[in-house]
$ cat entry27.pdb   # PDB, C-alpha atoms and all ligand atoms
ATOM      1  CA  MET A   3       0.249  20.010  65.474
ATOM      2  CA  ALA A   4       3.465  18.958  63.773
ATOM      3  CA  SER A   5       3.990  21.071  60.705
ATOM      4  CA  LEU A   6       1.970  19.789  57.768
ATOM      5  CA  PRO A   7       2.982  20.035  54.113
ATOM      6  CA  HIS A   8       1.526  23.007  52.237
ATOM      7  CA  PRO A   9       2.691  23.642  48.672
ATOM      8  CA  VAL A  10       1.053  27.057  48.296
ATOM      9  CA  GLN A  11      -0.151  29.877  50.453
ATOM     10  CA  TYR A  12      -3.821  30.518  49.826
ATOM     11  CA  GLN A  13      -5.655  33.410  51.350
ATOM     12  CA  GLY A  14      -8.311  32.031  53.672
ATOM     13  CA  SER A  15      -6.448  28.751  54.107
ATOM     14  CA  LYS A  16      -7.252  27.075  57.404
ATOM     15  CA  ARG A  17      -3.672  25.913  57.860
ATOM     16  CA  ASN A  18      -3.067  27.872  61.068
ATOM     17  CA  LEU A  19      -6.395  26.962  62.585
ATOM     18  CA  VAL A  20      -6.609  23.342  61.673
ATOM     19  CA  SER A  21      -5.565  21.776  64.974
ATOM     20  CA  ASP A  22      -8.260  23.775  66.763
ATOM     21  CA  ILE A  23     -10.841  22.786  64.161
ATOM     22  CA  LEU A  24      -9.986  19.074  64.380
ATOM     23  CA  ARG A  25     -10.549  19.131  68.123
ATOM     24  CA  PHE A  26     -14.273  19.439  67.444
ATOM     25  CA  LEU A  27     -14.646  17.005  64.543
ATOM     26  CA  PRO A  28     -15.232  13.238  64.720
ATOM     27  CA  THR A  29     -12.145  11.083  65.177
ATOM     28  CA  ARG A  30     -13.234   8.491  62.568
ATOM     29  CA  VAL A  31     -15.046   9.300  59.351
ATOM     30  CA  GLU A  32     -16.106   7.047  56.475
ATOM     31  CA  ARG A  33     -15.536   9.786  53.878
ATOM     32  CA  PHE A  34     -14.443  13.391  54.453
ATOM     33  CA  ILE A  35     -15.947  15.923  52.053
ATOM     34  CA  GLU A  36     -14.734  19.489  51.451
ATOM     35  CA  PRO A  37     -17.130  21.265  49.055
ATOM     36  CA  PHE A  38     -15.029  24.480  49.293
ATOM     37  CA  ALA A  39     -11.656  22.765  49.343
ATOM     38  CA  GLY A  40      -9.295  25.579  48.213
ATOM     39  CA  THR A  41      -5.902  24.150  49.142
ATOM     40  CA  ALA A  42      -7.596  21.537  51.361
ATOM     41  CA  ALA A  43      -5.596  22.312  54.509
ATOM     42  CA  VAL A  44      -8.167  20.547  56.683
ATOM     43  CA  SER A  45      -8.220  17.379  54.544
ATOM     44  CA  VAL A  46      -4.415  17.230  54.641
ATOM     45  CA  ALA A  47      -4.585  17.337  58.448
ATOM     46  CA  VAL A  48      -7.426  14.782  58.562
ATOM     47  CA  ALA A  49      -5.348  12.417  56.421
ATOM     48  CA  SER A  50      -2.267  12.933  58.609
ATOM     49  CA  ARG A  51      -4.255  11.794  61.660
ATOM     50  CA  ASN A  52      -5.866   8.850  59.873
ATOM     51  CA  ILE A  53      -9.328  10.206  60.612
ATOM     52  CA  SER A  54     -10.498   9.148  57.154
ATOM     53  CA  GLN A  55      -9.199   7.041  54.285
ATOM     54  CA  ARG A  56     -11.525   8.574  51.674
ATOM     55  CA  PHE A  57     -11.909  12.184  50.595
ATOM     56  CA  TRP A  58     -13.992  14.216  48.171
ATOM     57  CA  LEU A  59     -12.324  17.519  47.357
ATOM     58  CA  ASN A  60     -14.412  20.017  45.433
ATOM     59  CA  ASP A  61     -13.915  23.650  44.517
ATOM     60  CA  LEU A  62     -15.634  25.737  41.863
ATOM     61  CA  ASN A  63     -12.235  27.002  40.769
ATOM     62  CA  LYS A  64     -11.388  24.366  38.133
ATOM     63  CA  PRO A  65      -7.650  25.077  37.646
ATOM     64  CA  LEU A  66      -7.214  25.009  41.425
ATOM     65  CA  VAL A  67      -8.815  21.563  41.714
ATOM     66  CA  GLU A  68      -6.812  20.331  38.726
ATOM     67  CA  LEU A  69      -3.653  21.627  40.356
ATOM     68  CA  PHE A  70      -4.458  19.883  43.615
ATOM     69  CA  GLU A  71      -5.196  16.658  41.758
ATOM     70  CA  LEU A  72      -1.787  16.862  40.047
ATOM     71  CA  ILE A  73      -0.096  17.500  43.396
ATOM     72  CA  VAL A  74      -1.765  14.455  44.930
ATOM     73  CA  GLU A  75      -1.745  11.991  42.037
ATOM     74  CA  ARG A  76       1.172  13.017  39.785
ATOM     75  CA  PRO A  77       3.623  14.826  42.068
ATOM     76  CA  ASN A  78       6.696  14.393  39.858
ATOM     77  CA  GLU A  79       4.992  15.858  36.820
ATOM     78  CA  ILE A  80       3.937  19.037  38.642
ATOM     79  CA  ILE A  81       7.310  19.377  40.419
ATOM     80  CA  HIS A  82       9.134  19.255  37.061
ATOM     81  CA  ALA A  83       6.767  21.729  35.454
ATOM     82  CA  TYR A  84       7.128  24.115  38.410
ATOM     83  CA  THR A  85      10.914  23.839  38.381
ATOM     84  CA  ASP A  86      11.017  24.715  34.656
ATOM     85  CA  VAL A  87       8.762  27.760  34.998
ATOM     86  CA  TRP A  88      10.559  28.905  38.162
ATOM     87  CA  ASN A  89      14.006  28.599  36.551
ATOM     88  CA  ALA A  90      12.907  30.593  33.514
ATOM     89  CA  GLN A  91      12.196  33.706  35.609
ATOM     90  CA  HIS A  92      15.771  34.862  36.130
ATOM     91  CA  GLN A  93      16.433  37.578  33.543
ATOM     92  CA  ASP A  94      13.352  39.697  34.042
ATOM     93  CA  ALA A  95      11.245  38.160  36.799
ATOM     94  CA  ALA A  96       8.318  40.592  36.581
ATOM     95  CA  ARG A  97       8.001  40.254  32.815
ATOM     96  CA  HIS A  98       8.175  36.489  33.138
ATOM     97  CA  TYR A  99       5.333  36.554  35.695
ATOM     98  CA  PHE A 100       3.084  38.606  33.397
ATOM     99  CA  GLU A 101       3.804  36.282  30.475
ATOM    100  CA  VAL A 102       2.937  33.243  32.570
ATOM    101  CA  ARG A 103      -0.218  34.999  33.793
ATOM    102  CA  GLU A 104      -1.310  35.825  30.248
ATOM    103  CA  ASN A 105      -0.657  32.301  29.166
ATOM    104  CA  PHE A 106      -2.606  30.951  32.147
ATOM    105  CA  ASN A 107      -5.586  33.184  31.353
ATOM    106  CA  LYS A 108      -5.636  31.749  27.812
ATOM    107  CA  THR A 109      -5.130  28.097  28.730
ATOM    108  CA  ASN A 110      -6.175  27.667  32.422
ATOM    109  CA  ASP A 111      -3.201  25.315  32.689
ATOM    110  CA  PRO A 112      -2.959  24.262  36.386
ATOM    111  CA  LYS A 113       0.826  23.889  36.110
ATOM    112  CA  LEU A 114       1.139  27.600  35.392
ATOM    113  CA  PHE A 115      -1.282  28.320  38.214
ATOM    114  CA  LEU A 116       1.104  26.808  40.753
ATOM    115  CA  TYR A 117       3.809  29.293  39.774
ATOM    116  CA  LEU A 118       1.341  32.218  39.915
ATOM    117  CA  LEU A 119       0.124  31.180  43.365
ATOM    118  CA  ALA A 120       3.679  30.799  44.638
ATOM    119  CA  ARG A 121       4.765  34.128  43.224
ATOM    120  CA  CYS A 122       1.758  36.478  43.569
ATOM    121  CA  VAL A 123       1.172  39.069  46.281
ATOM    122  CA  LYS A 124       0.429  37.372  49.641
ATOM    123  CA  GLY A 125      -0.484  34.150  47.851
ATOM    124  CA  SER A 126      -3.909  35.664  47.310
ATOM    125  CA  VAL A 127      -5.912  34.968  44.179
ATOM    126  CA  ARG A 128      -7.735  37.855  42.509
ATOM    127  CA  TYR A 129      -9.977  37.834  39.461
ATOM    128  CA  ASN A 130     -11.352  40.677  37.358
ATOM    129  CA  SER A 131     -14.987  40.939  36.299
ATOM    130  CA  GLU A 132     -14.316  38.699  33.290
ATOM    131  CA  GLY A 133     -12.982  35.964  35.562
ATOM    132  CA  LEU A 134      -9.356  36.486  34.502
ATOM    133  CA  PHE A 135      -6.635  36.085  37.087
ATOM    134  CA  ASN A 136      -5.240  39.580  37.647
ATOM    135  CA  GLN A 137      -3.103  39.459  40.789
ATOM    136  CA  SER A 138       0.317  41.164  40.570
ATOM    137  CA  PRO A 139       3.671  39.569  41.367
ATOM    138  CA  ASP A 140       5.242  40.072  44.758
ATOM    139  CA  ASN A 141       8.455  41.755  43.687
ATOM    140  CA  ARG A 142      10.205  41.041  46.982
ATOM    141  CA  ARG A 143      10.005  37.295  46.517
ATOM    142  CA  LYS A 144      10.925  34.845  43.798
ATOM    143  CA  GLY A 145       8.319  32.282  44.822
ATOM    144  CA  THR A 146       8.955  29.084  46.754
ATOM    145  CA  HIS A 147      12.260  27.454  45.804
ATOM    146  CA  PRO A 148      11.689  24.237  43.777
ATOM    147  CA  ASP A 149      13.434  22.100  46.445
ATOM    148  CA  LYS A 150      11.064  23.317  49.115
ATOM    149  CA  MET A 151       8.114  22.974  46.739
ATOM    150  CA  ARG A 152       9.132  19.364  46.063
ATOM    151  CA  LYS A 153       9.108  18.498  49.785
ATOM    152  CA  ASN A 154       5.678  20.008  50.293
ATOM    153  CA  ILE A 155       4.156  18.420  47.191
ATOM    154  CA  GLU A 156       5.565  15.010  48.070
ATOM    155  CA  GLY A 157       4.268  15.421  51.639
ATOM    156  CA  VAL A 158       0.714  16.107  50.443
ATOM    157  CA  SER A 159       0.855  13.312  47.884
ATOM    158  CA  ILE A 160       1.982  10.715  50.454
ATOM    159  CA  LEU A 161      -0.982  11.606  52.638
ATOM    160  CA  LEU A 162      -3.721  11.723  50.001
ATOM    161  CA  LYS A 163      -2.687   9.692  46.930
ATOM    162  CA  GLY A 164      -5.334   7.229  45.748
ATOM    163  CA  LYS A 165      -7.819   8.350  48.414
ATOM    164  CA  CYS A 166      -9.548  11.305  46.746
ATOM    165  CA  LYS A 167     -12.277  12.174  44.333
ATOM    166  CA  PHE A 168     -11.800  15.620  42.729
ATOM    167  CA  THR A 169     -14.585  17.761  41.265
ATOM    168  CA  ASP A 170     -15.170  21.398  40.327
ATOM    169  CA  LEU A 171     -18.921  21.608  40.966
ATOM    170  CA  ASP A 172     -21.025  24.172  42.752
ATOM    171  CA  TYR A 173     -21.087  23.149  46.452
ATOM    172  CA  ARG A 174     -24.866  22.495  46.292
ATOM    173  CA  GLU A 175     -24.364  19.645  43.849
ATOM    174  CA  VAL A 176     -21.821  18.083  46.170
ATOM    175  CA  LEU A 177     -24.082  18.382  49.203
ATOM    176  CA  ALA A 178     -26.977  16.865  47.255
ATOM    177  CA  MET A 179     -24.857  13.765  46.532
ATOM    178  CA  ALA A 180     -23.496  13.347  50.079
ATOM    179  CA  GLU A 181     -24.482  10.250  52.049
ATOM    180  CA  SER A 182     -25.373   9.787  55.706
ATOM    181  CA  SER A 183     -22.038   8.105  56.481
ATOM    182  CA  ASP A 184     -20.086  11.132  55.142
ATOM    183  CA  PHE A 185     -18.765  14.033  57.149
ATOM    184  CA  ILE A 186     -18.678  17.476  55.507
ATOM    185  CA  TYR A 187     -16.368  20.339  56.418
ATOM    186  CA  MET A 188     -17.302  23.651  54.790
ATOM    187  CA  ASP A 189     -15.185  26.767  54.488
ATOM    188  CA  PRO A 190     -17.197  29.010  52.142
ATOM    189  CA  PRO A 191     -15.865  32.289  50.723
ATOM    190  CA  TYR A 192     -15.849  35.151  53.171
ATOM    191  CA  GLN A 193     -18.774  37.509  53.322
ATOM    192  CA  GLY A 194     -18.908  41.244  53.758
ATOM    193  CA  VAL A 195     -17.921  42.244  50.248
ATOM    194  CA  CYS A 196     -20.243  43.930  47.810
ATOM    195  CA  GLY A 197     -22.743  41.826  45.938
ATOM    196  CA  ASN A 198     -22.027  38.135  45.808
ATOM    197  CA  ARG A 199     -18.869  38.448  43.812
ATOM    198  CA  ASP A 200     -15.728  38.220  45.889
ATOM    199  CA  SER A 201     -12.649  38.908  43.787
ATOM    200  CA  ARG A 202     -10.508  36.962  46.248
ATOM    201  CA  TYR A 203     -12.193  33.759  45.143
ATOM    202  CA  PHE A 204     -13.715  32.499  42.009
ATOM    203  CA  SER A 205     -17.245  33.082  43.143
ATOM    204  CA  GLY A 206     -19.376  34.043  46.102
ATOM    205  CA  ILE A 207     -22.345  32.176  47.480
ATOM    206  CA  HIS A 208     -25.886  33.318  48.290
ATOM    207  CA  PHE A 209     -26.688  33.264  51.972
ATOM    208  CA  ASP A 210     -30.279  31.977  51.507
ATOM    209  CA  ASP A 211     -29.173  29.121  49.234
ATOM    210  CA  PHE A 212     -26.543  28.168  51.766
ATOM    211  CA  VAL A 213     -29.087  28.066  54.616
ATOM    212  CA  LEU A 214     -31.449  25.898  52.519
ATOM    213  CA  ALA A 215     -28.620  23.490  51.743
ATOM    214  CA  LEU A 216     -27.772  23.204  55.459
ATOM    215  CA  GLU A 217     -31.417  22.588  56.355
ATOM    216  CA  ASP A 218     -31.439  19.758  53.851
ATOM    217  CA  LEU A 219     -28.288  18.195  55.368
ATOM    218  CA  ASN A 220     -29.960  18.298  58.791
ATOM    219  CA  LYS A 221     -33.047  16.559  57.396
ATOM    220  CA  ARG A 222     -30.862  13.852  55.877
ATOM    221  CA  GLY A 223     -28.944  13.403  59.150
ATOM    222  CA  ILE A 224     -25.536  14.212  57.643
ATOM    223  CA  GLY A 225     -22.878  15.536  60.032
ATOM    224  CA  PHE A 226     -21.083  18.745  59.131
ATOM    225  CA  ALA A 227     -18.996  21.641  60.451
ATOM    226  CA  ILE A 228     -18.659  25.126  58.963
ATOM    227  CA  SER A 229     -15.993  27.797  59.357
ATOM    228  CA  TYR A 230     -18.142  30.780  58.826
ATOM    229  CA  ASP A 231     -18.080  34.171  60.474
ATOM    230  CA  GLY A 232     -15.876  35.901  62.958
ATOM    231  CA  LYS A 233     -14.895  38.993  64.927
ATOM    232  CA  ARG A 234     -11.955  41.337  65.027
ATOM    233  CA  GLY A 235     -11.938  43.472  68.161
ATOM    234  CA  SER A 236     -15.511  44.710  68.478
ATOM    235  CA  LYS A 237     -16.225  44.307  64.763
ATOM    236  CA  SER A 238     -18.164  41.249  63.586
ATOM    237  CA  PHE A 239     -18.174  39.994  60.031
ATOM    238  CA  GLY A 240     -20.598  37.597  58.368
ATOM    239  CA  THR A 241     -24.368  37.254  58.708
ATOM    240  CA  PRO A 242     -25.171  34.903  61.617
ATOM    241  CA  LEU A 243     -26.639  31.544  60.611
ATOM    242  CA  PRO A 244     -30.304  31.116  61.688
ATOM    243  CA  GLU A 245     -30.929  29.515  65.103
ATOM    244  CA  GLU A 246     -33.481  27.134  63.564
ATOM    245  CA  LEU A 247     -30.615  25.170  62.048
ATOM    246  CA  GLY A 248     -29.746  24.036  65.605
ATOM    247  CA  LEU A 249     -26.011  24.566  65.103
ATOM    248  CA  LYS A 250     -23.574  24.961  67.970
ATOM    249  CA  LYS A 251     -21.214  27.867  67.583
ATOM    250  CA  ILE A 252     -17.630  27.481  68.790
ATOM    251  CA  GLU A 253     -15.438  30.555  68.810
ATOM    252  CA  ILE A 254     -11.746  29.996  68.221
ATOM    253  CA  GLU A 255      -9.226  32.705  68.935
ATOM    254  CA  VAL A 256      -6.878  33.020  65.973
ATOM    255  CA  GLY A 257      -4.608  35.766  67.131
ATOM    256  CA  ARG A 258      -4.067  39.317  68.204
ATOM    257  CA  SER A 259      -3.441  42.032  65.669
ATOM    258  CA  SER A 260       0.094  43.371  66.135
ATOM    259  CA  GLN A 261      -1.007  46.784  64.895
ATOM    260  CA  ALA A 262      -3.679  46.958  67.599
ATOM    261  CA  THR A 263      -1.205  45.799  70.249
ATOM    262  CA  LEU A 264       1.102  48.644  69.250
ATOM    263  CA  LEU A 265      -1.736  51.086  69.670
ATOM    264  CA  GLY A 266      -2.466  49.642  73.116
ATOM    265  CA  ARG A 267      -5.758  48.029  72.057
ATOM    266  CA  GLU A 268      -6.625  44.411  72.728
ATOM    267  CA  GLU A 269      -7.857  43.471  69.305
ATOM    268  CA  ILE A 270      -8.413  39.744  69.180
ATOM    269  CA  THR A 271      -9.453  37.917  66.025
ATOM    270  CA  ILE A 272     -11.995  35.159  66.506
ATOM    271  CA  GLU A 273     -13.244  32.708  63.898
ATOM    272  CA  SER A 274     -16.413  30.719  64.376
ATOM    273  CA  LEU A 275     -16.911  27.053  63.765
ATOM    274  CA  TYR A 276     -20.504  25.786  63.618
ATOM    275  CA  LEU A 277     -21.296  22.155  64.409
ATOM    276  CA  SER A 278     -24.337  20.328  63.058
ATOM    277  CA  PRO A 279     -26.865  18.998  65.611
ATOM    278  CA  ASN A 280     -25.901  15.326  65.207
ATOM    279  CA  LEU A 281     -22.221  16.113  65.760
ATOM    280  CA  GLN A 282     -22.798  17.875  69.048
ATOM    281  CA  HIS A 283     -23.600  14.724  71.081
ATOM    282  CA  GLU A 284     -20.278  13.236  70.056
ATOM    283  CA  CYS A 285     -17.996  16.096  70.871
ATOM    284  CA  PHE A 286     -19.446  17.702  73.972
ATOM    285  CA  SER A 287     -18.020  15.056  76.262
ATOM    286  CA  GLU A 288     -14.749  15.525  74.318
ATOM    287  CA  LEU A 289     -14.872  19.220  75.103
ATOM    288  CA  GLU A 290     -15.393  18.641  78.798
ATOM    289  CA  SER A 291     -12.571  16.134  79.080
ATOM    290  CA  TYR A 292     -10.307  18.471  77.138
ATOM    291  CA  VAL A 293     -11.009  21.279  79.566
ATOM    292  CA  SER A 294     -10.230  19.158  82.569
ATOM    293  CA  ARG A 295      -6.968  17.939  81.017
ATOM    294  CA  VAL A 296      -5.525  21.347  80.194
ATOM    295  CA  PRO A 297      -7.452  23.941  82.156
ATOM    296  CA  LYS A 298      -4.836  26.645  81.790
ATOM    297  CA  GLN A 299      -4.498  26.489  78.042
ATOM    298  CA  LEU A 300      -8.096  26.413  77.021
ATOM    299  CA  THR A 301     -10.803  28.640  78.384
ATOM    300  CA  LEU A 302     -14.114  27.138  77.587
ATOM    301  CA  LEU A 303     -17.265  28.930  78.533
ATOM    302  CA  GLU A 304     -20.828  28.012  78.000
ATOM    303  CA  LYS A 305     -22.577  31.290  77.623
ATOM    304  CA  HIS A 306     -25.931  31.842  75.985
ATOM    305  CA  GLY A 307     -25.681  28.408  74.396
ATOM    306  CA  GLN A 308     -22.315  29.176  72.797
ATOM    307  CA  PHE A 309     -18.966  27.641  73.475
ATOM    308  CA  SER A 310     -15.862  29.754  73.242
ATOM    309  CA  ALA A 311     -12.599  27.955  72.846
ATOM    310  CA  LEU A 312      -9.784  30.411  73.410
ATOM    311  CA  ALA A 313      -6.877  28.228  72.525
ATOM    312  CA  ARG A 314      -3.218  29.169  72.740
TER     313      ARG A 314
HETATM  314  C1  LIG B   1     -12.151  30.192  52.144
HETATM  315  S1  LIG B   1     -11.703  29.387  50.643
HETATM  316  C2  LIG B   1     -11.345  27.750  51.201
HETATM  317  C3  LIG B   1      -9.953  27.660  51.791
HETATM  318  C4  LIG B   1      -9.596  26.255  52.256
HETATM  319  N1  LIG B   1     -10.246  25.908  53.505
HETATM  320  C5  LIG B   1      -8.100  26.090  52.404
HETATM  321  O1  LIG B   1      -7.632  25.588  53.437
HETATM  322  O2  LIG B   1      -7.353  26.457  51.473
HETATM  323  C6  LIG B   1     -13.238  29.222  49.813
HETATM  324  C7  LIG B   1     -13.200  28.442  48.500
HETATM  325  O3  LIG B   1     -14.551  28.297  48.004
HETATM  326  C8  LIG B   1     -14.501  28.260  46.584
HETATM  327  N2  LIG B   1     -15.879  28.550  46.093
HETATM  328  C9  LIG B   1     -16.470  29.756  45.941
HETATM  329  N3  LIG B   1     -17.752  29.614  45.540
HETATM  330  C10 LIG B   1     -17.989  28.270  45.451
HETATM  331  C11 LIG B   1     -19.129  27.491  45.100
HETATM  332  N4  LIG B   1     -20.280  28.074  44.761
HETATM  333  N5  LIG B   1     -19.023  26.138  45.110
HETATM  334  C12 LIG B   1     -17.832  25.543  45.440
HETATM  335  N6  LIG B   1     -16.708  26.244  45.777
HETATM  336  C13 LIG B   1     -16.792  27.585  45.788
HETATM  337  C14 LIG B   1     -13.443  29.296  46.235
HETATM  338  O4  LIG B   1     -12.881  29.042  44.955
HETATM  339  C15 LIG B   1     -12.423  29.123  47.375
HETATM  340  O5  LIG B   1     -11.347  28.293  46.998
END

$ encode --input "entry27.pdb" --output "structure tokens" --more "lines below"
Ligand SMILES: C[S@@+](CC[C@H](N)C(=O)[O-])C[C@H]1O[C@@H](n2cnc3c(N)ncnc32)[C@H](O)[C@@H]1O
Amino acid sequence: MASLPHPVQYQGSKRNLVSDILRFLPTRVERFIEPFAGTAAVSVAVASRNISQRFWLNDLNKPLVELFELIVERPNEIIHAYTDVWNAQHQDAARHYFEVRENFNKTNDPKLFLYLLARCVKGSVRYNSEGLFNQSPDNRRKGTHPDKMRKNIEGVSILLKGKCKFTDLDYREVLAMAESSDFIYMDPPYQGVCGNRDSRYFSGIHFDDFVLALEDLNKRGIGFAISYDGKRGSKSFGTPLPEELGLKKIEIEVGRSSQATLLGREEITIESLYLSPNLQHECFSELESYVSRVPKQLTLLEKHGQFSALAR
């Protein structure tokens, strides 16, 4: 997929996986909903392919949604604010970062958040137990140059301006308001951390609540796809979703760990994508035709009711 605009790195972003994900989603959608939008990499790609003209982007992290709304609707305002904060970092960059962080924790100003995201370690958000942003600066980098930031922000804005609704609700409220003509893509916070609080994101979700919400979508006949669990080498992460939900699991190869390759181990990382029952009729014929078109690039196996798409 031609390179898509992405103003900030966000840990867990689906940017590198998005062309594989889109292969299994409908090609036309009335409204595309992301209840766990983060930096909305999938919606950006959906807009770039004209799959939908309407979007609902939701994330519980309010400053993140506000930032994304600024990027989409008022690109010049956020570009100017970013340029000012970025330019002010020159004398003592680390001290500047901590001042901006303190200020952000007092005000939740999304404009400051953009600088923190661009400048923090691995672009990964971290919160302490009081919900304050506590990630450190990456001292090897200054953060995306304002010229590059401008290009990416303008790119996202061109694709999504005037087409989105933005909210910062719990995902269950969003799902409850979805309609049968909508399509929902879900990328919930990763599992496998203690309790339900994941410091990488603003919140965790309860497995049982999530399953109930999916059951309800099935009853209402709403199509959805979920990026959910995965495997690295022989290690699986994430509790499997119950079979009763009737979901089809697609496994997408995301890459090989370079560390493992050095050690002579074949450690492949796989991420799963689950498709709702009503979506499966649409895309299975797609899958078969894809296989016959490019048999060498895509290995597709039907094994124990699961598809594995090992895409290169
Ligand atoms: C894996 S990230 C999504 C990344 C996104 N796909 C992207 O491309 O950037 C999960 C997101 O879920 C959000 N989140 C966590 N708990 C939530 C909840 N209960 N309701 C809505 N969003 C939630 C987090 O703030 C985080 O941004």

$ resolve_selection --input "entry27.pdb" --expression "the PyMOL selection byres (((chain A and resi 34) around 12) and not hetatm)" --output "number ranges by chain"
A: 27-33, 35-37, 39, 42, 44-49, 52-60, 162, 165-167, 180-188, 224-227

$ write_last_selection --input "entry27.pdb" --atoms "C-alpha atoms" --output "PDB file, keeping the file's coordinate frame"
ATOM      1  CA  LEU A  27     -14.646  17.005  64.543  1.00  0.00           C
ATOM      2  CA  PRO A  28     -15.232  13.238  64.720  1.00  0.00           C
ATOM      3  CA  THR A  29     -12.145  11.083  65.177  1.00  0.00           C
ATOM      4  CA  ARG A  30     -13.234   8.491  62.568  1.00  0.00           C
ATOM      5  CA  VAL A  31     -15.046   9.300  59.351  1.00  0.00           C
ATOM      6  CA  GLU A  32     -16.106   7.047  56.475  1.00  0.00           C
ATOM      7  CA  ARG A  33     -15.536   9.786  53.878  1.00  0.00           C
ATOM      8  CA  ILE A  35     -15.947  15.923  52.053  1.00  0.00           C
ATOM      9  CA  GLU A  36     -14.734  19.489  51.451  1.00  0.00           C
ATOM     10  CA  PRO A  37     -17.130  21.265  49.055  1.00  0.00           C
ATOM     11  CA  ALA A  39     -11.656  22.765  49.343  1.00  0.00           C
ATOM     12  CA  ALA A  42      -7.596  21.537  51.361  1.00  0.00           C
ATOM     13  CA  VAL A  44      -8.167  20.547  56.683  1.00  0.00           C
ATOM     14  CA  SER A  45      -8.220  17.379  54.544  1.00  0.00           C
ATOM     15  CA  VAL A  46      -4.415  17.230  54.641  1.00  0.00           C
ATOM     16  CA  ALA A  47      -4.585  17.337  58.448  1.00  0.00           C
ATOM     17  CA  VAL A  48      -7.426  14.782  58.562  1.00  0.00           C
ATOM     18  CA  ALA A  49      -5.348  12.417  56.421  1.00  0.00           C
ATOM     19  CA  ASN A  52      -5.866   8.850  59.873  1.00  0.00           C
ATOM     20  CA  ILE A  53      -9.328  10.206  60.612  1.00  0.00           C
ATOM     21  CA  SER A  54     -10.498   9.148  57.154  1.00  0.00           C
ATOM     22  CA  GLN A  55      -9.199   7.041  54.285  1.00  0.00           C
ATOM     23  CA  ARG A  56     -11.525   8.574  51.674  1.00  0.00           C
ATOM     24  CA  PHE A  57     -11.909  12.184  50.595  1.00  0.00           C
ATOM     25  CA  TRP A  58     -13.992  14.216  48.171  1.00  0.00           C
ATOM     26  CA  LEU A  59     -12.324  17.519  47.357  1.00  0.00           C
ATOM     27  CA  ASN A  60     -14.412  20.017  45.433  1.00  0.00           C
ATOM     28  CA  LEU A 162      -3.721  11.723  50.001  1.00  0.00           C
ATOM     29  CA  LYS A 165      -7.819   8.350  48.414  1.00  0.00           C
ATOM     30  CA  CYS A 166      -9.548  11.305  46.746  1.00  0.00           C
ATOM     31  CA  LYS A 167     -12.277  12.174  44.333  1.00  0.00           C
ATOM     32  CA  ALA A 180     -23.496  13.347  50.079  1.00  0.00           C
ATOM     33  CA  GLU A 181     -24.482  10.250  52.049  1.00  0.00           C
ATOM     34  CA  SER A 182     -25.373   9.787  55.706  1.00  0.00           C
ATOM     35  CA  SER A 183     -22.038   8.105  56.481  1.00  0.00           C
ATOM     36  CA  ASP A 184     -20.086  11.132  55.142  1.00  0.00           C
ATOM     37  CA  PHE A 185     -18.765  14.033  57.149  1.00  0.00           C
ATOM     38  CA  ILE A 186     -18.678  17.476  55.507  1.00  0.00           C
ATOM     39  CA  TYR A 187     -16.368  20.339  56.418  1.00  0.00           C
ATOM     40  CA  MET A 188     -17.302  23.651  54.790  1.00  0.00           C
ATOM     41  CA  ILE A 224     -25.536  14.212  57.643  1.00  0.00           C
ATOM     42  CA  GLY A 225     -22.878  15.536  60.032  1.00  0.00           C
ATOM     43  CA  PHE A 226     -21.083  18.745  59.131  1.00  0.00           C
ATOM     44  CA  ALA A 227     -18.996  21.641  60.451  1.00  0.00           C
TER      45      ALA A 227
END

$ resolve_selection --input "entry27.pdb" --expression "the PyMOL selection byres (((not hetatm)) within 8 of (chain B and resi 1))" --output "PyMOL selection string"
chain A and resi 12-17+37-44+60-63+66+170-174+188-192+203-207

$ closest_residue --input "entry27.pdb" --among "A:His82, A:Lys163, A:Arg97, A:Lys153" --to "Pro139 in chain A" --atoms "only C-alpha atoms"
A:Arg97

$ resolve_selection --input "entry27.pdb" --expression "the PyMOL selection byres (((chain A and resi 70) around 9) and not hetatm)" --output "list in words"
Gly40, Thr41, Ala42, Pro65, Leu66, Val67, Glu68, Leu69, Glu71, Leu72, Ile73, Val74, Glu75, Pro112 and Phe168 of chain A

$ residues_near_point --input "entry27.pdb" --point "(10.7, 24.9, 38.4)" --cutoff "10 Å" --atoms "all atoms listed in the file" --output "ChimeraX atom specification"
/A:80-91,117,146-149,151-152

$ residues_around --input "entry27.pdb" --residues "Ala95 in chain A" --least-positions-apart "6" --cutoff "12 Å" --atoms "all atoms listed in the file" --output "PyMOL selection string"
chain A and resi 87-89+101-102+117-118+121-122+138-145

$ atom_distance --input "entry27.pdb" --atom1 "CA of Ser131 in chain A" --atom2 "CA of Glu104 in chain A"
15.8 Å

$ closest_residue --input "entry27.pdb" --among "A:Ser229, A:Asn280, A:Asn154, A:Thr169" --to "Asn78 in chain A" --atoms "all atoms listed in the file"
A:Asn154

$ atom_distance --input "entry27.pdb" --atom1 "CA of Phe100 in chain A" --atom2 "CA of Pro77 in chain A"
25.3 Å

$ atom_distance --input "entry27.pdb" --atom1 "CA of Ile254 in chain A" --atom2 "CA of Ala215 in chain A"
24.5 Å

$ closest_residue --input "entry27.pdb" --among "A:Ile23, A:Leu214, A:Ala178, A:Val158" --to "Glu253 in chain A" --atoms "only C-alpha atoms"
A:Ile23

$ closest_residue --input "entry27.pdb" --among "A:Met179, A:Lys64, A:Gly257, A:Gly157" --to "Gly133 in chain A" --atoms "all atoms listed in the file"
A:Lys64

$ closest_residue --input "entry27.pdb" --among "A:Lys237, A:Asp22, A:Leu116, A:Arg103" --to "Leu275 in chain A" --atoms "all atoms listed in the file"
A:Asp22

$ axis_aligned_box --input "entry27.pdb" --around "range 17-34 of chain A" --padding-each-side "4 Å" --output "JSON"
{"center_x": -9.6, "center_y": 17.5, "center_z": 61.0, "size_x": 21.0, "size_y": 28.8, "size_z": 22.2}
